[in-house]
$ cat query35.txt   # compact mmCIF, C-alpha atoms
# COMPACT_ATOMS: atom_id res chain seq x y z
CA MET T 1 -53.79 4.89 -18.82
CA MET T 2 -50.19 3.78 -19.28
CA GLN T 3 -49.18 0.57 -17.51
CA SER T 4 -46.09 -1.53 -17.22
CA SER T 5 -46.07 -4.51 -19.55
CA PRO T 6 -45.90 -7.99 -18.03
CA LEU T 7 -42.60 -9.84 -17.80
CA ASN T 8 -42.43 -12.18 -20.78
CA ALA T 9 -39.43 -14.32 -21.83
CA ARG T 10 -38.06 -11.60 -24.10
CA ARG T 11 -38.16 -8.98 -21.39
CA ALA T 12 -36.74 -11.41 -18.84
CA ILE T 13 -33.71 -12.04 -21.08
CA LEU T 14 -33.29 -8.28 -21.57
CA TRP T 15 -33.35 -7.69 -17.82
CA ILE T 16 -31.02 -10.59 -17.04
CA GLY T 17 -28.65 -9.51 -19.81
CA ARG T 18 -28.59 -5.91 -18.63
CA LEU T 19 -28.05 -6.80 -14.97
CA VAL T 20 -25.58 -9.66 -15.46
CA LEU T 21 -23.49 -8.21 -18.30
CA GLY T 22 -23.75 -4.62 -17.04
CA GLY T 23 -22.66 -5.71 -13.56
CA ILE T 24 -19.85 -7.89 -14.88
CA PHE T 25 -18.53 -5.16 -17.18
CA VAL T 26 -18.52 -2.57 -14.38
CA TYR T 27 -16.83 -5.03 -12.02
CA ALA T 28 -14.29 -6.10 -14.66
CA GLY T 29 -13.34 -2.48 -15.37
CA PHE T 30 -13.08 -1.48 -11.71
CA SER T 31 -11.16 -4.62 -10.75
CA LYS T 32 -8.62 -4.02 -13.53
CA LEU T 33 -8.01 -0.51 -12.18
CA LEU T 34 -8.22 -1.15 -8.44
CA MET T 35 -7.26 -4.79 -7.86
CA PRO T 36 -5.12 -6.48 -6.68
CA ASN T 37 -3.40 -3.22 -5.64
CA THR T 38 -5.98 -1.29 -3.67
CA HIS T 39 -4.13 1.50 -1.89
CA LEU T 40 -6.46 4.43 -2.33
CA TRP T 41 -4.86 6.98 -0.04
CA PRO T 42 -2.78 9.15 -0.10
CA MET T 43 -3.07 10.27 -3.71
CA PHE T 44 0.38 9.11 -4.82
CA MET T 45 -0.44 5.61 -3.48
CA LEU T 46 -3.65 5.54 -5.54
CA LYS T 47 -1.74 6.73 -8.60
CA PHE T 48 0.91 4.05 -8.11
CA SER T 49 -1.73 1.34 -7.46
CA VAL T 50 -3.59 2.14 -10.67
CA SER T 51 -0.31 2.38 -12.64
CA MET T 52 0.77 -1.02 -11.29
CA ASN T 53 -2.60 -2.59 -12.10
CA ILE T 54 -2.62 -1.18 -15.63
CA ALA T 55 0.99 -2.33 -16.17
CA SER T 56 0.08 -5.85 -15.01
CA PHE T 57 -3.01 -5.86 -17.24
CA ALA T 58 -0.88 -4.73 -20.21
CA GLN T 59 1.40 -7.73 -19.59
CA GLN T 60 -1.60 -10.04 -19.54
CA VAL T 61 -2.91 -8.56 -22.82
CA GLN T 62 0.54 -9.00 -24.36
CA SER T 63 0.76 -12.61 -23.14
CA TYR T 64 -2.01 -13.52 -25.64
CA LYS T 65 0.55 -12.71 -28.39
CA ILE T 66 -2.10 -11.22 -30.67
CA ILE T 67 -1.07 -7.56 -30.63
CA SER T 68 2.22 -5.70 -30.14
CA ALA T 69 3.53 -4.40 -26.81
CA GLU T 70 2.57 -0.82 -27.77
CA ALA T 71 -0.97 -1.87 -28.77
CA SER T 72 -1.25 -3.85 -25.49
CA GLN T 73 -0.44 -0.65 -23.60
CA VAL T 74 -3.19 1.21 -25.49
CA VAL T 75 -5.69 -1.58 -24.75
CA ALA T 76 -4.68 -1.69 -21.06
CA HIS T 77 -5.09 2.07 -20.71
CA THR T 78 -8.51 2.22 -22.42
CA LEU T 79 -10.36 -1.10 -21.98
CA PRO T 80 -11.09 -0.81 -18.21
CA PHE T 81 -12.70 2.63 -18.72
CA VAL T 82 -14.68 1.43 -21.75
CA GLU T 83 -15.93 -1.56 -19.71
CA ILE T 84 -17.09 0.67 -16.85
CA VAL T 85 -18.89 3.11 -19.15
CA LEU T 86 -20.55 0.39 -21.26
CA GLY T 87 -21.55 -1.54 -18.13
CA LEU T 88 -23.16 1.55 -16.59
CA LEU T 89 -24.97 2.40 -19.83
CA LEU T 90 -26.30 -1.14 -19.99
CA LEU T 91 -27.50 -1.00 -16.38
CA ILE T 92 -29.20 2.34 -16.94
CA GLY T 93 -30.78 1.01 -20.13
CA TRP T 94 -30.43 4.18 -22.17
CA ARG T 95 -30.07 3.55 -25.95
CA LEU T 96 -29.97 -0.14 -25.19
CA ARG T 97 -29.66 -1.31 -28.79
CA ILE T 98 -26.41 0.63 -29.38
CA TRP T 99 -24.65 -0.39 -26.17
CA ALA T 100 -25.89 -3.99 -26.28
CA THR T 101 -24.40 -4.24 -29.79
CA ALA T 102 -21.12 -2.75 -28.58
CA ILE T 103 -20.95 -5.18 -25.64
CA THR T 104 -21.73 -8.12 -27.92
CA ALA T 105 -18.92 -7.08 -30.27
CA ILE T 106 -16.48 -6.84 -27.34
CA MET T 107 -17.63 -10.21 -25.95
CA VAL T 108 -17.11 -11.86 -29.37
CA GLY T 109 -13.58 -10.39 -29.37
CA PHE T 110 -12.89 -11.71 -25.84
CA LEU T 111 -14.28 -15.14 -26.75
CA ALA T 112 -12.13 -15.34 -29.89
CA ALA T 113 -9.00 -14.41 -27.89
CA VAL T 114 -9.55 -16.90 -25.02
CA THR T 115 -10.59 -19.71 -27.40
CA ARG T 116 -7.44 -19.18 -29.49
CA ALA T 117 -5.23 -19.17 -26.37
CA TYR T 118 -6.93 -22.32 -25.05
CA LEU T 119 -6.58 -24.19 -28.35
CA LEU T 120 -2.91 -23.19 -28.54
CA HIS T 121 -2.40 -24.54 -24.96
CA MET T 122 -1.04 -21.18 -23.85
CA ASP T 123 -0.17 -21.21 -20.12
CA ILE T 124 -1.39 -17.69 -19.31
CA ASN T 125 -3.71 -15.75 -17.05
CA CYS T 126 -6.97 -14.79 -18.71
CA GLY T 127 -6.77 -11.13 -17.60
CA CYS T 128 -10.58 -11.06 -17.42
CA PHE T 129 -10.64 -9.42 -13.99
CA GLY T 130 -8.06 -7.72 -11.81
CA THR T 131 -6.93 -10.77 -9.87
CA PRO T 132 -4.83 -13.46 -11.57
CA GLU T 133 -6.94 -16.26 -13.02
CA LYS T 134 -5.51 -19.08 -15.09
CA LEU T 135 -7.06 -19.48 -18.56
CA THR T 136 -8.78 -22.88 -18.69
CA GLY T 137 -11.61 -24.59 -20.53
CA MET T 138 -13.97 -23.10 -17.96
CA THR T 139 -12.92 -19.61 -19.06
CA VAL T 140 -13.98 -20.48 -22.62
CA VAL T 141 -17.29 -21.95 -21.40
CA ARG T 142 -17.98 -18.87 -19.24
CA ASP T 143 -17.16 -16.44 -22.05
CA SER T 144 -19.32 -18.47 -24.47
CA ALA T 145 -22.27 -18.22 -22.06
CA PHE T 146 -21.82 -14.45 -21.66
CA THR T 147 -21.45 -13.98 -25.42
CA ALA T 148 -24.65 -15.98 -26.03
CA LEU T 149 -26.45 -13.86 -23.44
CA ALA T 150 -25.13 -10.65 -25.02
CA LEU T 151 -26.22 -11.81 -28.47
CA LEU T 152 -29.72 -12.75 -27.27
CA MET T 153 -30.02 -9.47 -25.39
CA THR T 154 -29.07 -7.50 -28.50
CA ILE T 155 -31.49 -9.39 -30.74
CA PHE T 156 -34.30 -8.95 -28.23
CA ALA T 157 -33.48 -5.26 -27.75
CA PHE T 158 -33.96 -4.72 -31.49
CA ARG T 159 -37.18 -6.80 -31.49
CA GLU T 160 -38.49 -4.93 -28.47
CA ALA T 161 -37.97 -1.63 -30.26
CA ARG T 162 -39.59 -2.88 -33.47
CA GLU T 163 -42.52 -4.74 -31.90
CA PRO T 164 -43.17 -3.28 -28.43
CA HIS T 165 -45.49 -5.23 -26.18
CA PRO T 166 -49.11 -4.15 -26.77
CA TRP T 167 -49.38 -2.87 -23.21
CA THR T 168 -46.49 -0.48 -23.71
CA LYS T 169 -47.80 1.04 -26.95
CA PRO T 170 -48.77 4.72 -26.53
CA GLU T 171 -52.44 5.26 -25.93
CA ARG T 172 -54.48 6.92 -28.62
CA ALA T 173 -56.89 9.62 -27.72
CA MET B 1 -48.35 4.98 -13.97
CA ARG B 2 -46.64 7.58 -16.15
CA GLU B 3 -44.97 9.28 -13.16
CA ASP B 4 -43.52 5.94 -12.05
CA ARG B 5 -42.13 5.29 -15.52
CA VAL B 6 -40.50 8.71 -15.69
CA ASN B 7 -38.73 8.20 -12.33
CA ARG B 8 -37.50 4.67 -13.03
CA PRO B 9 -34.22 5.65 -14.79
CA ARG B 10 -33.42 7.98 -11.88
CA ALA B 11 -34.08 5.22 -9.37
CA THR B 12 -31.89 2.81 -11.36
CA ALA B 13 -29.10 5.38 -11.59
CA GLY B 14 -29.41 6.05 -7.84
CA THR B 15 -29.19 2.34 -7.03
CA ILE B 16 -26.13 1.96 -9.25
CA LEU B 17 -24.48 4.97 -7.60
CA LEU B 18 -25.18 3.51 -4.16
CA CYS B 19 -23.67 0.15 -5.20
CA LEU B 20 -20.56 1.90 -6.55
CA LEU B 21 -20.12 3.93 -3.37
CA SER B 22 -20.48 0.76 -1.28
CA ALA B 23 -17.88 -1.04 -3.42
CA PHE B 24 -15.54 1.95 -3.07
CA ALA B 25 -16.00 1.95 0.72
CA VAL B 26 -15.18 -1.79 0.86
CA LEU B 27 -12.03 -1.21 -1.20
CA VAL B 28 -10.92 1.67 1.01
CA ALA B 29 -11.48 -0.49 4.09
CA ARG B 30 -9.49 -3.34 2.52
CA ALA B 31 -6.71 -1.02 1.47
CA THR B 32 -6.08 0.53 4.87
CA PRO B 33 -2.39 -0.11 5.48
CA GLN B 34 -1.31 -1.72 8.72
CA ALA B 35 2.03 -1.11 10.32
CA GLU B 36 4.07 -4.30 10.54
CA GLY B 37 7.62 -4.92 11.71
CA VAL B 38 9.88 -6.74 9.27
CA THR B 39 10.92 -10.07 10.81
CA ASP B 40 12.87 -13.20 9.86
CA ILE B 41 15.46 -11.52 7.71
CA ASP B 42 18.15 -13.73 6.21
CA PRO B 43 21.16 -11.36 6.23
CA HIS B 44 22.56 -13.16 3.17
CA LYS B 45 19.48 -12.21 1.15
CA ALA B 46 19.13 -8.64 2.37
CA PHE B 47 21.00 -5.64 0.96
CA GLY B 48 21.62 -2.09 2.13
CA SER B 49 21.28 -0.41 5.50
CA LYS B 50 18.83 -1.76 8.06
CA ASN B 51 18.24 1.86 9.07
CA ALA B 52 17.15 2.94 5.57
CA PRO B 53 13.89 4.97 5.58
CA VAL B 54 12.24 2.50 3.19
CA THR B 55 12.33 -1.31 3.39
CA MET B 56 11.36 -3.35 0.33
CA GLU B 57 10.53 -7.04 0.55
CA VAL B 58 10.31 -8.71 -2.86
CA PHE B 59 8.36 -11.99 -2.93
CA SER B 60 9.60 -13.76 -6.00
CA ASP B 61 9.60 -17.10 -7.83
CA PHE B 62 12.65 -17.92 -9.95
CA GLN B 63 10.54 -19.65 -12.60
CA CYS B 64 8.01 -16.83 -12.98
CA PRO B 65 8.53 -14.75 -16.17
CA ALA B 66 7.15 -11.57 -14.55
CA CYS B 67 9.70 -11.94 -11.72
CA LYS B 68 12.45 -12.15 -14.32
CA THR B 69 11.12 -8.98 -15.96
CA LEU B 70 11.03 -7.14 -12.63
CA PHE B 71 14.55 -8.30 -11.80
CA THR B 72 16.09 -7.41 -15.15
CA SER B 73 14.32 -4.07 -15.49
CA THR B 74 14.78 -2.71 -11.96
CA ASN B 75 17.34 -4.57 -9.86
CA ARG B 76 20.63 -3.04 -11.05
CA GLN B 77 19.44 0.58 -10.94
CA LEU B 78 17.62 0.02 -7.66
CA MET B 79 20.81 -1.36 -6.10
CA ASP B 80 22.96 1.50 -7.45
CA ASN B 81 20.63 4.43 -6.77
CA TYR B 82 18.69 3.48 -3.65
CA VAL B 83 20.22 0.46 -1.86
CA SER B 84 23.89 1.47 -2.05
CA THR B 85 23.01 5.02 -1.06
CA GLY B 86 21.26 3.91 2.13
CA LYS B 87 17.75 4.93 1.06
CA VAL B 88 16.29 1.44 0.68
CA TYR B 89 16.81 -1.82 2.56
CA LEU B 90 16.10 -4.60 0.04
CA ILE B 91 15.04 -8.07 1.20
CA HIS B 92 14.57 -11.00 -1.18
CA ARG B 93 11.81 -13.41 -0.16
CA ASP B 94 11.09 -16.83 -1.65
CA PHE B 95 7.56 -17.47 -2.81
CA PRO B 96 7.79 -20.56 -5.07
CA LEU B 97 4.44 -21.16 -6.74
CA PRO B 98 3.20 -24.79 -6.84
CA MET B 99 2.39 -24.42 -10.58
CA HIS B 100 6.13 -24.15 -11.39
CA ALA B 101 7.93 -27.51 -11.36
CA TYR B 102 11.47 -26.26 -10.60
CA SER B 103 10.95 -23.02 -8.69
CA ARG B 104 11.44 -24.61 -5.25
CA ILE B 105 14.64 -26.34 -6.39
CA ALA B 106 15.89 -23.01 -7.74
CA ALA B 107 14.98 -21.34 -4.43
CA ARG B 108 16.99 -23.99 -2.55
CA TYR B 109 20.07 -23.39 -4.71
CA ALA B 110 19.76 -19.60 -4.40
CA ARG B 111 19.41 -19.85 -0.63
CA ALA B 112 22.38 -22.21 -0.40
CA ALA B 113 24.41 -19.79 -2.53
CA ALA B 114 23.32 -16.96 -0.24
CA GLN B 115 24.75 -18.84 2.74
CA ILE B 116 28.20 -18.84 1.13
CA GLY B 117 27.84 -15.15 0.14
CA LYS B 118 27.09 -15.79 -3.55
CA PHE B 119 23.42 -14.89 -3.79
CA GLU B 120 23.75 -12.10 -6.35
CA PRO B 121 25.55 -14.00 -9.15
CA VAL B 122 23.32 -17.05 -8.65
CA GLU B 123 20.12 -14.97 -8.66
CA GLN B 124 21.27 -13.28 -11.85
CA ALA B 125 22.17 -16.59 -13.52
CA LEU B 126 18.84 -18.17 -12.57
CA PHE B 127 16.78 -15.29 -13.96
CA GLN B 128 18.89 -14.77 -17.08
CA ASN B 129 18.77 -18.48 -18.01
CA GLN B 130 15.19 -19.06 -16.87
CA GLU B 131 13.94 -20.25 -20.28
CA LYS B 132 16.72 -22.85 -20.47
CA TRP B 133 16.51 -24.52 -17.06
CA GLU B 134 12.71 -24.45 -16.93
CA GLN B 135 12.74 -26.68 -20.04
CA THR B 136 15.43 -29.09 -18.83
CA GLY B 137 15.16 -28.78 -15.05
CA ASP B 138 18.94 -28.34 -14.91
CA VAL B 139 19.10 -25.82 -12.07
CA ASP B 140 22.32 -27.39 -10.79
CA GLY B 141 24.09 -26.84 -14.13
CA THR B 142 22.92 -23.23 -14.32
CA VAL B 143 24.24 -22.45 -10.83
CA ALA B 144 27.48 -24.35 -11.49
CA GLY B 145 28.09 -22.02 -14.44
CA VAL B 146 28.69 -19.02 -12.15
CA LEU B 147 30.39 -20.66 -9.14
CA SER B 148 33.78 -22.24 -8.67
CA ALA B 149 34.01 -26.01 -8.10
CA ALA B 150 34.67 -25.53 -4.38
CA GLU B 151 31.71 -23.14 -3.99
CA MET B 152 29.47 -25.48 -5.95
CA ALA B 153 30.43 -28.38 -3.67
CA LYS B 154 29.36 -26.34 -0.64
CA VAL B 155 26.09 -25.34 -2.34
CA ARG B 156 25.30 -28.96 -3.28
CA ALA B 157 26.00 -30.08 0.29
CA LEU B 158 23.63 -27.44 1.66
CA VAL B 159 20.92 -28.37 -0.85
CA LYS B 160 21.26 -32.07 -0.02
CA GLY B 161 21.26 -31.25 3.71
CA GLY B 162 17.52 -30.58 3.43
CA THR B 163 17.51 -27.73 5.91
CA LEU B 164 16.67 -24.97 3.42
CA ASP B 165 13.00 -25.80 2.92
CA ALA B 166 12.10 -24.55 6.40
CA ALA B 167 13.44 -21.08 5.58
CA ILE B 168 11.67 -21.06 2.18
CA ASP B 169 8.41 -22.06 3.86
CA LYS B 170 8.89 -19.29 6.42
CA ASP B 171 9.13 -16.73 3.59
CA SER B 172 6.04 -18.21 1.93
CA ALA B 173 4.14 -18.09 5.22
CA LEU B 174 5.08 -14.44 5.59
CA GLY B 175 3.77 -13.88 2.05
CA GLN B 176 0.44 -15.37 3.11
CA ILE B 177 0.25 -12.81 5.92
CA TYR B 178 0.70 -10.04 3.33
CA ARG B 179 -1.95 -11.77 1.18
CA VAL B 180 0.50 -12.39 -1.65
CA SER B 181 -1.52 -14.00 -4.44
CA GLN B 182 0.88 -13.59 -7.34
CA THR B 183 4.55 -13.09 -8.02
CA PRO B 184 6.29 -10.75 -8.00
CA THR B 185 4.77 -8.91 -5.06
CA THR B 186 6.75 -6.10 -3.48
CA VAL B 187 5.97 -5.02 0.06
CA PHE B 188 7.12 -1.51 0.93
CA HIS B 189 7.57 -0.43 4.55
CA SER B 190 7.87 3.24 5.32
CA LYS B 191 7.11 5.29 8.42
CA GLY B 192 5.34 2.41 10.15
CA GLN B 193 3.06 1.70 7.19
CA THR B 194 3.04 -1.38 4.97
CA TYR B 195 2.09 -1.27 1.29
CA PRO B 196 2.01 -4.52 -0.71
CA PHE B 197 2.06 -4.12 -4.51
CA ALA B 198 1.50 -7.03 -6.87
CA GLY B 199 2.93 -7.12 -10.37
CA VAL B 200 5.73 -5.85 -12.52
CA MET B 201 6.86 -2.26 -12.41
CA THR B 202 9.30 -0.39 -14.59
CA TYR B 203 12.25 1.33 -13.00
CA ASP B 204 10.70 4.75 -13.80
CA MET B 205 7.51 3.80 -11.97
CA LEU B 206 9.48 2.47 -9.01
CA LYS B 207 11.71 5.54 -8.91
CA GLN B 208 8.72 7.92 -8.87
CA PHE B 209 7.10 5.91 -6.11
CA LEU B 210 10.23 5.63 -3.96
CA ASP B 211 10.94 9.36 -4.33
CA GLN B 212 7.39 10.15 -3.18
CA LEU B 213 7.74 7.70 -0.29
CA LEU B 214 11.10 9.18 0.74
CA SER B 215 9.80 12.76 0.57
CA GLN B 216 6.73 11.91 2.69
CA LYS B 217 6.80 13.68 6.05
$ encode --input "query35.txt" --output "structure tokens"
Amino acid sequence: MMQSSPLNARRAILWIGRLVLGGIFVYAGFSKLLMPNTHLWPMFMLKFSVSMNIASFAQQVQSYKIISAEASQVVAHTLPFVEIVLGLLLLIGWRLRIWATAITAIMVGFLAAVTRAYLLHMDINCGCFGTPEKLTGMTVVRDSAFTALALLMTIFAFREAREPHPWTKPERA
Amino acid sequence: MREDRVNRPRATAGTILLCLLSAFAVLVARATPQAEGVTDIDPHKAFGSKNAPVTMEVFSDFQCPACKTLFTSTNRQLMDNYVSTGKVYLIHRDFPLPMHAYSRIAARYARAAAQIGKFEPVEQALFQNQEKWEQTGDVDGTVAGVLSAAEMAKVRALVKGGTLDAAIDKDSALGQIYRVSQTPTTVFHSKGQTYPFAGVMTYDMLKQFLDQLLSQK
């Protein structure tokens, strides 16, 4: 008879990683689209709110002075949706290895950007979530912690697939 | 059990959907506009007809780069196409952020200039030369560049008088009521409804929005 495997350290990290990073990615994507401007009705108000939020986010992306204004617009119009989709996929747990790798790659990118801005003493907002938040040393520490968690989750997702817990192995007739 | 394992992804997806719907409901509740009357208007810092169908209050900080962008990209066309034509009543509000060393001083000078009927040239000079005076702190010199000696003497006297801070604080307090958390924030009033919007907008975006607001029945 098939049974659930016990919660070991590897599985605990996988669960924590999925819940924490999945939740944060979904929140980050939604907040970029719907905060701080949250007029959802009538439709033209919603459209204007989202346009305003994306325009503000594009400015924040551009303030890092890594990519051009046009590229910042592309990032601002795509990143929130990518974050929501990846966050949901991580929470659902389907094809975990692929999406965990994608999230780790994005987190490494975020960490590189905030670390560079911090080391250059750039006086900017981090643009991590919808509401304005000044980029400080704490932002770097927080992003480092999330990147480490994403990395561990990805490694463990691959290990879990290669060496499943004995209890979860399919029964032989 | 096998059945339990098969249903787990569905249960997870259901929980996620429920969480998303709850978050959406919270946002809708937060976003419900409330009708508010526009009060404490300094006539020297307000433009257009008081009877215009749309009133715009712009909470701004002279040292904030985004406020400069909003001003330079929208102000002229907004004044020509909506304020002068009686469609929009535009009110400038001070919201100097504590993180900016000279924004309150700049607000004092702009308000003093407004009292002698010279708000527009001073506002323009402050935004256009923002990068210069934020380095040196020479707000006085920037304002002096666009006023005559006699006007500048009046402005300096008003600034030294120390009575302007109360009006600036009143604007900031009003901003708190609208939950202004960043500059620029524009508060639109139309048909008894109030819509605060934070951030920079292009003139095209603003035009589309104002046209929709004006055509609303």
$ axis_aligned_box --input "query35.txt" --around "range 9-15 of chain T" --padding-each-side "6 Å" --output "JSON"
{"center_x": -36.4, "center_y": -11.0, "center_z": -21.0, "size_x": 18.1, "size_y": 18.6, "size_z": 18.3}
$ atom_distance --input "query35.txt" --atom1 "CA of His44 in chain B" --atom2 "CA of Val122 in chain B"
12.5 Å
$ closest_atom_pairs --input "query35.txt" --of "range 29-90 of chain B" --to "range 182-191 of chain B" --cutoff "7 Å" --atoms "all atoms listed in the file" --output "CSV"
residue,atom,partner,partner_atom,distance
B:Pro53,CA,B:Ser190,CA,6.3
B:Val54,CA,B:Ser190,CA,4.9
B:Thr55,CA,B:His189,CA,5.0
B:Met56,CA,B:Phe188,CA,4.7
B:Glu57,CA,B:Val187,CA,5.0
B:Val58,CA,B:Thr186,CA,4.5
B:Phe59,CA,B:Thr185,CA,5.2
B:Ser60,CA,B:Pro184,CA,4.9
B:Asp61,CA,B:Thr183,CA,6.5
B:Ala66,CA,B:Pro184,CA,6.7
B:Cys67,CA,B:Pro184,CA,5.2
$ write_last_selection --input "query35.txt" --atoms "C-alpha atoms" --output "mmCIF file, in the frame of the given file"
data_model
loop_
_atom_site.group_PDB
_atom_site.id
_atom_site.type_symbol
_atom_site.label_atom_id
_atom_site.label_comp_id
_atom_site.auth_asym_id
_atom_site.auth_seq_id
_atom_site.Cartn_x
_atom_site.Cartn_y
_atom_site.Cartn_z
ATOM 1 C CA PRO B 53 13.890 4.970 5.580
ATOM 2 C CA VAL B 54 12.240 2.500 3.190
ATOM 3 C CA THR B 55 12.330 -1.310 3.390
ATOM 4 C CA MET B 56 11.360 -3.350 0.330
ATOM 5 C CA GLU B 57 10.530 -7.040 0.550
ATOM 6 C CA VAL B 58 10.310 -8.710 -2.860
ATOM 7 C CA PHE B 59 8.360 -11.990 -2.930
ATOM 8 C CA SER B 60 9.600 -13.760 -6.000
ATOM 9 C CA ASP B 61 9.600 -17.100 -7.830
ATOM 10 C CA ALA B 66 7.150 -11.570 -14.550
ATOM 11 C CA CYS B 67 9.700 -11.940 -11.720
#
$ residues_around --input "query35.txt" --residues "range 70-74 of chain T" --least-positions-apart "3" --cutoff "8 Å" --atoms "only C-alpha atoms" --output "list in words"
Ala55, Ala58, Gln59, Val61, Gln62, Ile67, His77 and Thr78 of chain T
$ residues_around --input "query35.txt" --residues "Lys134 in chain T" --least-positions-apart "5" --cutoff "7 Å" --atoms "all atoms listed in the file" --output "list of chain:residue names"
T:Ile124, T:Asn125, T:Cys126
